[in-house]
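Structure below is model.cif: mmCIF, C-alpha atoms.
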data_start
#
loop_
_atom_site.label_atom_id
_atom_site.label_comp_id
_atom_site.auth_asym_id
_atom_site.auth_seq_id
_atom_site.Cartn_x
_atom_site.Cartn_y
_atom_site.Cartn_z
CA MET A 1 0.00 0.00 0.00
CA ALA A 2 1.26 3.43 -0.84
CA THR A 3 2.45 5.65 1.97
CA ARG A 4 -0.19 8.25 2.79
CA VAL A 5 1.00 11.79 3.41
CA GLY A 6 -1.20 14.55 4.83
CA VAL A 7 -0.21 18.06 3.76
CA VAL A 8 -1.56 20.64 6.19
CA LEU A 9 -3.19 23.66 4.60
CA PHE A 10 -3.58 26.87 6.58
CA PRO A 11 -5.12 30.00 5.08
CA GLY A 12 -2.06 31.56 3.45
CA THR A 13 -0.07 28.37 2.91
CA ASN A 14 1.30 28.38 -0.65
CA CYS A 15 3.66 25.43 -1.07
CA GLU A 16 1.11 22.65 -0.54
CA HIS A 17 0.88 21.55 -4.17
CA ASP A 18 4.66 21.49 -4.55
CA ALA A 19 4.82 19.19 -1.52
CA ILE A 20 2.07 16.92 -2.86
CA GLU A 21 3.68 16.73 -6.31
CA ALA A 22 7.08 15.93 -4.82
CA VAL A 23 5.96 13.03 -2.62
CA GLU A 24 3.58 11.64 -5.24
CA ARG A 25 6.45 11.43 -7.69
CA LEU A 26 8.17 9.24 -5.11
CA GLY A 27 5.20 6.88 -5.07
CA ALA A 28 3.27 8.21 -2.07
CA GLU A 29 -0.36 9.24 -1.95
CA ALA A 30 -0.88 12.75 -0.65
CA GLU A 31 -3.83 14.89 0.22
CA LEU A 32 -4.55 18.23 1.81
CA VAL A 33 -5.58 18.47 5.44
CA TRP A 34 -7.48 21.70 6.14
CA HIS A 35 -6.34 23.62 9.21
CA GLY A 36 -9.81 23.30 10.72
CA ALA A 37 -9.53 19.50 10.83
CA THR A 38 -9.46 18.04 14.31
CA THR A 39 -7.98 14.70 13.35
CA ALA A 40 -5.02 13.58 11.27
CA SER A 41 -5.64 9.86 11.46
CA GLY A 42 -5.15 7.70 8.40
CA TYR A 43 -1.82 9.27 7.43
CA ASP A 44 1.67 7.81 7.67
CA ALA A 45 3.35 11.22 7.66
CA LEU A 46 2.40 14.88 7.89
CA ILE A 47 4.00 17.81 6.11
CA LEU A 48 3.48 21.42 7.19
CA PRO A 49 4.45 23.24 4.00
CA GLY A 50 5.70 26.75 3.39
CA GLY A 51 3.79 29.96 2.90
CA PHE A 52 2.32 32.58 5.16
CA ALA A 53 -0.11 30.82 7.48
CA HIS A 54 -2.75 33.29 8.67
CA GLY A 55 -0.80 35.99 6.84
CA ASP A 56 2.12 35.59 9.26
CA TYR A 57 0.29 38.20 11.33
CA LEU A 58 1.85 38.92 14.72
CA ARG A 59 4.76 36.52 14.02
CA PRO A 60 5.14 33.67 11.53
CA GLY A 61 3.28 30.72 13.01
CA ALA A 62 1.92 32.64 16.01
CA ILE A 63 -1.72 32.33 14.95
CA ALA A 64 -1.39 29.03 13.07
CA ARG A 65 -0.38 27.42 16.30
CA PHE A 66 -3.98 27.86 17.51
CA SER A 67 -5.58 26.30 14.41
CA PRO A 68 -7.65 23.25 15.37
CA VAL A 69 -5.44 20.94 13.28
CA MET A 70 -2.45 21.64 15.54
CA GLY A 71 -3.97 19.50 18.29
CA ALA A 72 -4.14 16.64 15.81
CA VAL A 73 -0.56 17.32 14.65
CA ALA A 74 0.65 17.24 18.26
CA GLU A 75 -1.18 13.95 18.87
CA PHE A 76 0.23 12.45 15.68
CA ALA A 77 3.72 13.55 16.71
CA ALA A 78 3.29 12.21 20.25
CA SER A 79 2.35 8.81 18.83
CA GLY A 80 5.61 8.73 16.89
CA GLY A 81 4.30 9.75 13.49
CA PRO A 82 6.76 11.56 11.22
CA VAL A 83 6.05 15.30 10.96
CA VAL A 84 8.07 17.65 8.80
CA GLY A 85 7.70 21.43 8.82
CA ILE A 86 9.20 23.20 5.84
CA CYS A 87 9.95 26.94 6.04
CA ASN A 88 6.72 28.47 7.40
CA GLY A 89 5.86 24.96 8.62
CA PHE A 90 9.08 25.00 10.67
CA GLN A 91 8.06 28.37 12.12
CA VAL A 92 4.64 26.95 13.02
CA LEU A 93 6.21 23.93 14.76
CA THR A 94 8.49 26.14 16.89
CA GLU A 95 5.59 28.42 17.85
CA ALA A 96 3.56 25.34 18.75
CA GLY A 97 6.36 24.12 21.01
CA LEU A 98 6.81 20.91 19.01
CA LEU A 99 10.36 22.02 18.17
CA PRO A 100 12.72 24.18 20.26
CA GLY A 101 13.97 27.65 19.37
CA ALA A 102 12.56 30.35 17.13
CA LEU A 103 13.11 31.84 13.68
CA GLN A 104 13.86 35.53 13.63
CA LYS A 105 14.57 37.96 10.83
CA ASN A 106 17.57 37.18 8.67
CA ARG A 107 20.85 38.78 9.58
CA GLY A 108 21.15 41.77 7.23
CA LEU A 109 17.36 42.06 6.91
CA ARG A 110 17.31 40.58 3.43
CA PHE A 111 14.67 38.31 2.01
CA LEU A 112 16.68 35.36 0.71
CA CYS A 113 15.73 33.41 -2.39
CA THR A 114 18.58 31.22 -3.56
CA THR A 115 19.84 27.65 -3.62
CA VAL A 116 22.14 26.75 -0.76
CA LEU A 117 24.30 23.79 0.15
CA LEU A 118 23.26 21.84 3.24
CA ARG A 119 25.12 19.19 5.18
CA VAL A 120 23.21 16.27 6.66
CA GLU A 121 24.31 16.04 10.31
CA THR A 122 22.41 12.96 11.47
CA GLY A 123 20.98 9.98 9.66
CA ALA A 124 18.51 9.16 12.39
CA THR A 125 15.51 11.47 12.01
CA ALA A 126 12.23 11.35 10.12
CA LEU A 127 13.78 13.39 7.31
CA THR A 128 17.23 11.83 7.11
CA GLU A 129 16.63 8.18 7.99
CA GLY A 130 19.39 6.17 6.36
CA VAL A 131 21.14 9.19 4.82
CA ALA A 132 24.90 9.22 5.39
CA VAL A 133 26.16 11.93 7.75
CA GLY A 134 28.12 14.46 5.73
CA THR A 135 25.97 14.12 2.63
CA GLU A 136 25.68 17.53 0.99
CA VAL A 137 22.49 18.56 -0.77
CA ALA A 138 21.65 21.65 -2.81
CA ILE A 139 18.22 22.95 -1.76
CA PRO A 140 16.53 26.33 -2.26
CA ILE A 141 15.72 28.72 0.56
CA ASN A 142 13.03 31.37 0.29
CA HIS A 143 12.53 33.27 3.52
CA PHE A 144 12.81 36.49 5.48
CA GLU A 145 12.58 34.96 8.93
CA GLY A 146 14.88 31.97 8.81
CA ASN A 147 17.53 33.00 11.30
CA TYR A 148 17.36 30.13 13.78
CA THR A 149 17.92 31.13 17.37
CA CYS A 150 17.71 29.48 20.77
CA ASP A 151 19.27 29.97 24.19
CA ALA A 152 22.70 28.53 25.00
CA GLU A 153 21.24 25.73 27.09
CA THR A 154 18.94 24.60 24.28
CA LEU A 155 21.78 24.76 21.78
CA ALA A 156 23.97 22.61 24.03
CA ARG A 157 21.17 20.06 24.31
CA LEU A 158 20.60 20.01 20.56
CA ARG A 159 24.29 19.31 20.02
CA ASP A 160 24.63 16.75 22.82
CA GLU A 161 21.56 14.88 21.66
CA ASP A 162 22.58 15.02 17.98
CA ARG A 163 19.41 16.92 17.09
CA VAL A 164 20.85 19.35 14.57
CA VAL A 165 19.54 17.68 11.41
CA LEU A 166 20.97 19.99 8.75
CA ARG A 167 23.56 22.77 8.71
CA TYR A 168 24.24 25.41 6.09
CA VAL A 169 27.65 24.93 4.49
CA ASP A 170 27.78 28.71 4.02
CA ASN A 171 25.44 30.36 6.55
CA PRO A 172 23.12 32.69 4.59
CA ASN A 173 20.91 34.12 7.34
CA GLY A 174 22.80 34.29 10.63
CA SER A 175 21.33 31.12 12.14
CA VAL A 176 23.07 30.11 15.35
CA ASP A 177 25.62 27.33 14.76
CA ASP A 178 24.69 27.34 11.02
CA ILE A 179 21.50 25.44 11.85
CA ALA A 180 19.13 24.85 8.94
CA GLY A 181 17.01 22.15 10.56
CA VAL A 182 16.41 20.52 13.94
CA CYS A 183 14.39 17.64 15.34
CA ASN A 184 12.50 16.92 18.55
CA GLU A 185 13.60 14.48 21.25
CA GLY A 186 11.72 11.66 19.56
CA ARG A 187 13.49 12.49 16.26
CA ASN A 188 10.16 12.09 14.42
CA VAL A 189 9.40 15.83 14.21
CA VAL A 190 11.76 17.76 11.96
CA GLY A 191 11.73 21.40 10.90
CA LEU A 192 13.89 23.02 8.23
CA MET A 193 13.93 26.35 6.46
CA PRO A 194 15.05 25.07 3.01
CA HIS A 195 12.49 23.64 0.57
CA PRO A 196 13.32 20.05 -0.47
CA GLU A 197 10.03 19.84 -2.40
CA ARG A 198 11.39 22.47 -4.78
CA ALA A 199 14.46 20.40 -5.62
CA CYS A 200 12.92 17.25 -7.03
CA ASP A 201 13.45 17.62 -10.76
CA PRO A 202 16.48 18.52 -12.89
CA LEU A 203 14.34 21.24 -14.43
CA LEU A 204 14.30 22.96 -11.02
CA GLY A 205 18.08 22.99 -10.83
CA SER A 206 18.46 20.24 -8.26
CA GLU A 207 17.07 16.82 -7.47
CA ASP A 208 18.68 16.69 -4.06
CA GLY A 209 15.38 17.21 -2.26
CA ILE A 210 14.56 13.63 -3.18
CA VAL A 211 17.27 12.44 -0.76
CA LEU A 212 15.32 13.98 2.13
CA LEU A 213 11.76 13.30 1.00
CA ALA A 214 12.56 9.68 0.15
CA ALA A 215 13.95 9.36 3.69
CA LEU A 216 10.69 10.81 5.03
CA LEU A 217 8.69 8.20 3.15
CA ARG A 218 10.99 5.45 4.49
CA SER A 219 10.39 6.75 8.03
CA ALA A 220 6.67 6.90 7.35
CA SER A 221 6.48 3.30 6.25
CA SER A 222 8.42 2.12 9.30
CA ALA A 223 6.76 4.36 11.92
CA VAL A 224 4.97 2.37 14.57
CA GLY A 225 1.96 3.14 16.69
CA VAL A 226 0.38 5.55 14.27
CA MET B 1 -15.46 53.61 42.60
CA SER B 2 -17.74 53.69 39.60
CA ALA B 3 -18.83 50.64 37.62
CA ASP B 4 -16.29 51.71 35.01
CA THR B 5 -13.52 50.16 37.03
CA THR B 6 -14.58 46.71 35.83
CA ARG B 7 -13.25 47.68 32.39
CA TRP B 8 -9.51 48.01 32.04
CA SER B 9 -7.23 49.15 29.26
CA ALA B 10 -4.11 47.08 28.78
CA GLN B 11 -0.93 48.25 27.12
CA VAL B 12 1.57 45.58 26.14
CA GLU B 13 5.02 46.32 24.81
CA VAL B 14 6.97 43.47 23.24
CA LEU B 15 10.72 43.79 22.68
CA LEU B 16 13.38 41.33 21.64
CA ARG B 17 15.20 39.96 24.66
CA SER B 18 18.51 41.57 25.42
CA GLY B 19 21.17 39.46 23.78
CA ILE B 20 18.96 38.67 20.79
CA ALA B 21 20.20 40.55 17.74
CA ASP B 22 17.83 43.31 16.64
CA PRO B 23 18.82 44.06 13.02
CA GLN B 24 16.01 46.62 12.59
CA GLY B 25 17.14 48.53 15.67
CA ALA B 26 20.75 48.40 14.50
CA THR B 27 19.78 49.70 11.05
CA ILE B 28 17.80 52.59 12.54
CA GLU B 29 20.70 53.40 14.85
CA ARG B 30 23.11 53.55 11.92
CA ALA B 31 20.76 55.91 10.07
CA LEU B 32 20.51 58.45 12.88
CA PRO B 33 23.89 60.17 12.39
CA ALA B 34 22.82 61.01 8.82
CA LEU B 35 19.96 63.03 10.34
CA GLY B 36 22.36 64.86 12.60
CA PHE B 37 21.66 62.86 15.75
CA ALA B 38 25.00 62.05 17.28
CA GLY B 39 25.44 59.84 20.29
CA VAL B 40 22.10 58.01 20.07
CA ASP B 41 22.52 54.35 20.85
CA GLY B 42 20.68 51.36 22.27
CA VAL B 43 17.89 51.52 19.67
CA ARG B 44 15.50 48.59 20.10
CA THR B 45 12.45 47.87 17.96
CA GLY B 46 9.34 46.12 19.12
CA LYS B 47 5.58 46.00 19.00
CA SER B 48 2.91 47.75 21.00
CA PHE B 49 -0.57 46.41 21.67
CA ARG B 50 -3.68 47.98 23.22
CA PHE B 51 -6.82 46.19 24.27
CA ASP B 52 -9.63 46.48 26.80
CA LEU B 53 -10.80 43.78 29.14
CA THR B 54 -13.18 43.19 32.02
CA ALA B 55 -11.85 42.27 35.45
CA VAL B 56 -12.93 42.63 39.05
CA ASP B 57 -9.80 44.49 40.10
CA GLU B 58 -6.48 45.73 38.84
CA ALA B 59 -4.55 42.64 39.94
CA SER B 60 -6.91 40.40 38.02
CA ALA B 61 -6.79 42.64 34.95
CA LEU B 62 -3.00 42.61 35.06
CA ALA B 63 -2.96 38.82 35.40
CA GLN B 64 -5.24 38.39 32.38
CA ALA B 65 -3.33 40.84 30.22
CA THR B 66 -0.03 39.23 31.21
CA GLU B 67 -1.37 35.84 30.17
CA VAL B 68 -2.43 37.27 26.79
CA ALA B 69 1.07 38.69 26.38
CA ASP B 70 2.84 35.50 27.43
CA ARG B 71 0.71 33.07 25.46
CA LEU B 72 0.18 35.00 22.25
CA LEU B 73 1.67 38.47 21.85
CA ALA B 74 5.26 37.54 22.67
CA ASN B 75 7.37 34.53 21.82
CA PRO B 76 9.25 33.95 25.08
CA VAL B 77 12.13 32.31 23.22
CA ILE B 78 13.19 35.63 21.70
CA GLU B 79 10.92 38.32 23.16
CA GLU B 80 9.91 39.79 26.49
CA SER B 81 6.87 41.85 27.30
CA THR B 82 5.93 44.67 29.63
CA VAL B 83 2.28 44.91 30.65
CA VAL B 84 0.47 47.92 32.10
CA VAL B 85 -3.23 48.15 32.94
CA VAL B 86 -5.16 51.32 33.71
CA PRO B 87 -8.88 51.91 34.30
CA ALA B 88 -10.62 52.23 30.94
CA THR B 89 -11.93 55.67 30.15
CA ASP B 90 -15.29 56.01 28.40
CA ALA B 91 -14.99 57.26 24.88
#
Here is a file; write its structure as structure tokens.
Amino acid sequence: MATRVGVVLFPGTNCEHDAIEAVERLGAEAELVWHGATTASGYDALILPGGFAHGDYLRPGAIARFSPVMGAVAEFAASGGPVVGICNGFQVLTEAGLLPGALQKNRGLRFLCTTVLLRVETGATALTEGVAVGTEVAIPINHFEGNYTCDAETLARLRDEDRVVLRYVDNPNGSVDDIAGVCNEGRNVVGLMPHPERACDPLLGSEDGIVLLAALLRSASSAVGV
Amino acid sequence: MSADTTRWSAQVEVLLRSGIADPQGATIERALPALGFAGVDGVRTGKSFRFDLTAVDEASALAQATEVADRLLANPVIEESTVVVVPATDA
């Protein structure tokens, strides 16, 4: 049976079809989950895609965190289900407390839209399962608030527990410790600012996103208790 | 006290925590000398919120407004808030 991926749609999300297209090309079935949904059962993985949920009013993710679907996302995550937040989805997951830290405005106050090189730092998360540490992937970024920050204690924990999932090879936005993506304690919730779904075809300049999304689908098919 | 005291006006100011880089504040600070302001430093940017609420007394109004600030208006990871409540004045 094909892996079933739920792609969460908030008002203002705009990368949902890219995410669906990318995972369907890898053989998964994907469908949209409206932010008003109160359950996320029946899926093997959830993606919170990029965009501007609720207009990014107040702060990116600050209002989205109170959407009804977030209770279902938290339950799905607590049961071990793989959850990936991409860009705005990462911001939503930090605001919701499912991932540590916060994303603040880029160093230099520039909106960044470019392809960057990332280094995979752990092969044991929902997004990097089975990927060799040190693998470098070229993935686009497209954000104004992607400057990852957290307090020193949190950073020490992330390092000690091997929870930095991806680092920028050449830090574009001022993120602390070059962090591009982190995971939760259970390693099944991952957030990253770059957009792997936009790097899944040679026509888009890179196919390296497939490395990460294929890993997500592997995690999804092996996740237990969901 | 009049019945008006059950309505309170809250003022919440949200600033980035000290130690968190404030690129907007830094940019504004760098622009000031061009306007002839010398020696201005420590520029911080933030957000200001105003809302009215009902509460039995000032302590309760402050507690409610502080909860609004902590749970929604500020992200405690990078921001801190200052909350003030005063009796609401009729428009």
| Any idea what the distance is between CA of Gly42 in chain A and CA of Ala28 in chain A? |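 It comes out at 13.4 Å.
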| field | Of the listed residues B:Gly25, B:Gly19, B:Pro87, B:Pro33, that which approaches Leu62 in chain B most closely, counting only C-alpha atoms | value |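 For Leu62 in chain B, the nearest of the candidates is B:Pro87.
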| task | Please identify all polymer residues within 7 Å of Ala61 in chain B, counting all atoms listed in the file, omitting same-chain residues fewer than 5 positions from it, and present them as a PyMOL selection string. | result | chain B and resi 8+55+85
| field | Residues of chain B within 12 Å of chain A, counting all atoms listed in the file, as a PyMOL selection string | value | chain B and resi 14+16-28+46-49+69-79
May I have the residues from that selection written out with C-alpha atoms, as a PDB file, in the coordinates of the input?
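What ended up in result.pdb:
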ATOM      1  CA  VAL B  14       6.970  43.470  23.240  1.00  0.00           C
ATOM      2  CA  LEU B  16      13.380  41.330  21.640  1.00  0.00           C
ATOM      3  CA  ARG B  17      15.200  39.960  24.660  1.00  0.00           C
ATOM      4  CA  SER B  18      18.510  41.570  25.420  1.00  0.00           C
ATOM      5  CA  GLY B  19      21.170  39.460  23.780  1.00  0.00           C
ATOM      6  CA  ILE B  20      18.960  38.670  20.790  1.00  0.00           C
ATOM      7  CA  ALA B  21      20.200  40.550  17.740  1.00  0.00           C
ATOM      8  CA  ASP B  22      17.830  43.310  16.640  1.00  0.00           C
ATOM      9  CA  PRO B  23      18.820  44.060  13.020  1.00  0.00           C
ATOM     10  CA  GLN B  24      16.010  46.620  12.590  1.00  0.00           C
ATOM     11  CA  GLY B  25      17.140  48.530  15.670  1.00  0.00           C
ATOM     12  CA  ALA B  26      20.750  48.400  14.500  1.00  0.00           C
ATOM     13  CA  THR B  27      19.780  49.700  11.050  1.00  0.00           C
ATOM     14  CA  ILE B  28      17.800  52.590  12.540  1.00  0.00           C
ATOM     15  CA  GLY B  46       9.340  46.120  19.120  1.00  0.00           C
ATOM     16  CA  LYS B  47       5.580  46.000  19.000  1.00  0.00           C
ATOM     17  CA  SER B  48       2.910  47.750  21.000  1.00  0.00           C
ATOM     18  CA  PHE B  49      -0.570  46.410  21.670  1.00  0.00           C
ATOM     19  CA  ALA B  69       1.070  38.690  26.380  1.00  0.00           C
ATOM     20  CA  ASP B  70       2.840  35.500  27.430  1.00  0.00           C
ATOM     21  CA  ARG B  71       0.710  33.070  25.460  1.00  0.00           C
ATOM     22  CA  LEU B  72       0.180  35.000  22.250  1.00  0.00           C
ATOM     23  CA  LEU B  73       1.670  38.470  21.850  1.00  0.00           C
ATOM     24  CA  ALA B  74       5.260  37.540  22.670  1.00  0.00           C
ATOM     25  CA  ASN B  75       7.370  34.530  21.820  1.00  0.00           C
ATOM     26  CA  PRO B  76       9.250  33.950  25.080  1.00  0.00           C
ATOM     27  CA  VAL B  77      12.130  32.310  23.220  1.00  0.00           C
ATOM     28  CA  ILE B  78      13.190  35.630  21.700  1.00  0.00           C
ATOM     29  CA  GLU B  79      10.920  38.320  23.160  1.00  0.00           C
TER      30      GLU B  79
END
| task | Would you list the contacts of Ala132 in chain A as a ChimeraX atom specification, taking every protein, DNA or RNA residue within 10 Å and counting only C-alpha atoms, but skipping same-chain residues closer than 3 positions in sequence? | result | /A:119-124,128-129,135-136
Mind dumping the selected residues with C-alpha atoms as a PDB file, in the frame of the given file?
ATOM      1  CA  ARG A 119      25.120  19.190   5.180  1.00  0.00           C
ATOM      2  CA  VAL A 120      23.210  16.270   6.660  1.00  0.00           C
ATOM      3  CA  GLU A 121      24.310  16.040  10.310  1.00  0.00           C
ATOM      4  CA  THR A 122      22.410  12.960  11.470  1.00  0.00           C
ATOM      5  CA  GLY A 123      20.980   9.980   9.660  1.00  0.00           C
ATOM      6  CA  ALA A 124      18.510   9.160  12.390  1.00  0.00           C
ATOM      7  CA  THR A 128      17.230  11.830   7.110  1.00  0.00           C
ATOM      8  CA  GLU A 129      16.630   8.180   7.990  1.00  0.00           C
ATOM      9  CA  THR A 135      25.970  14.120   2.630  1.00  0.00           C
ATOM     10  CA  GLU A 136      25.680  17.530   0.990  1.00  0.00           C
TER      11      GLU A 136
END
| request: Would you list the contacts of Ala88 in chain B as a count of residues only, taking every protein, DNA or RNA residue within 10 Å and counting all atoms listed in the file, but skipping same-chain residues closer than 6 positions in sequence? | output: 11
Expected selection from the PyMOL selection byres ((chain A and resi 213) around 8), given as a CSV table (one decimal) with C-alpha atoms, keeping the file's coordinate frame:
chain,number,residue,atom,x,y,z
A,22,ALA,CA,7.1,15.9,-4.8
A,23,VAL,CA,6.0,13.0,-2.6
A,127,LEU,CA,13.8,13.4,7.3
A,196,PRO,CA,13.3,20.0,-0.5
A,197,GLU,CA,10.0,19.8,-2.4
A,209,GLY,CA,15.4,17.2,-2.3
A,210,ILE,CA,14.6,13.6,-3.2
A,211,VAL,CA,17.3,12.4,-0.8
A,212,LEU,CA,15.3,14.0,2.1
A,214,ALA,CA,12.6,9.7,0.2
A,215,ALA,CA,14.0,9.4,3.7
A,216,LEU,CA,10.7,10.8,5.0
A,217,LEU,CA,8.7,8.2,3.2
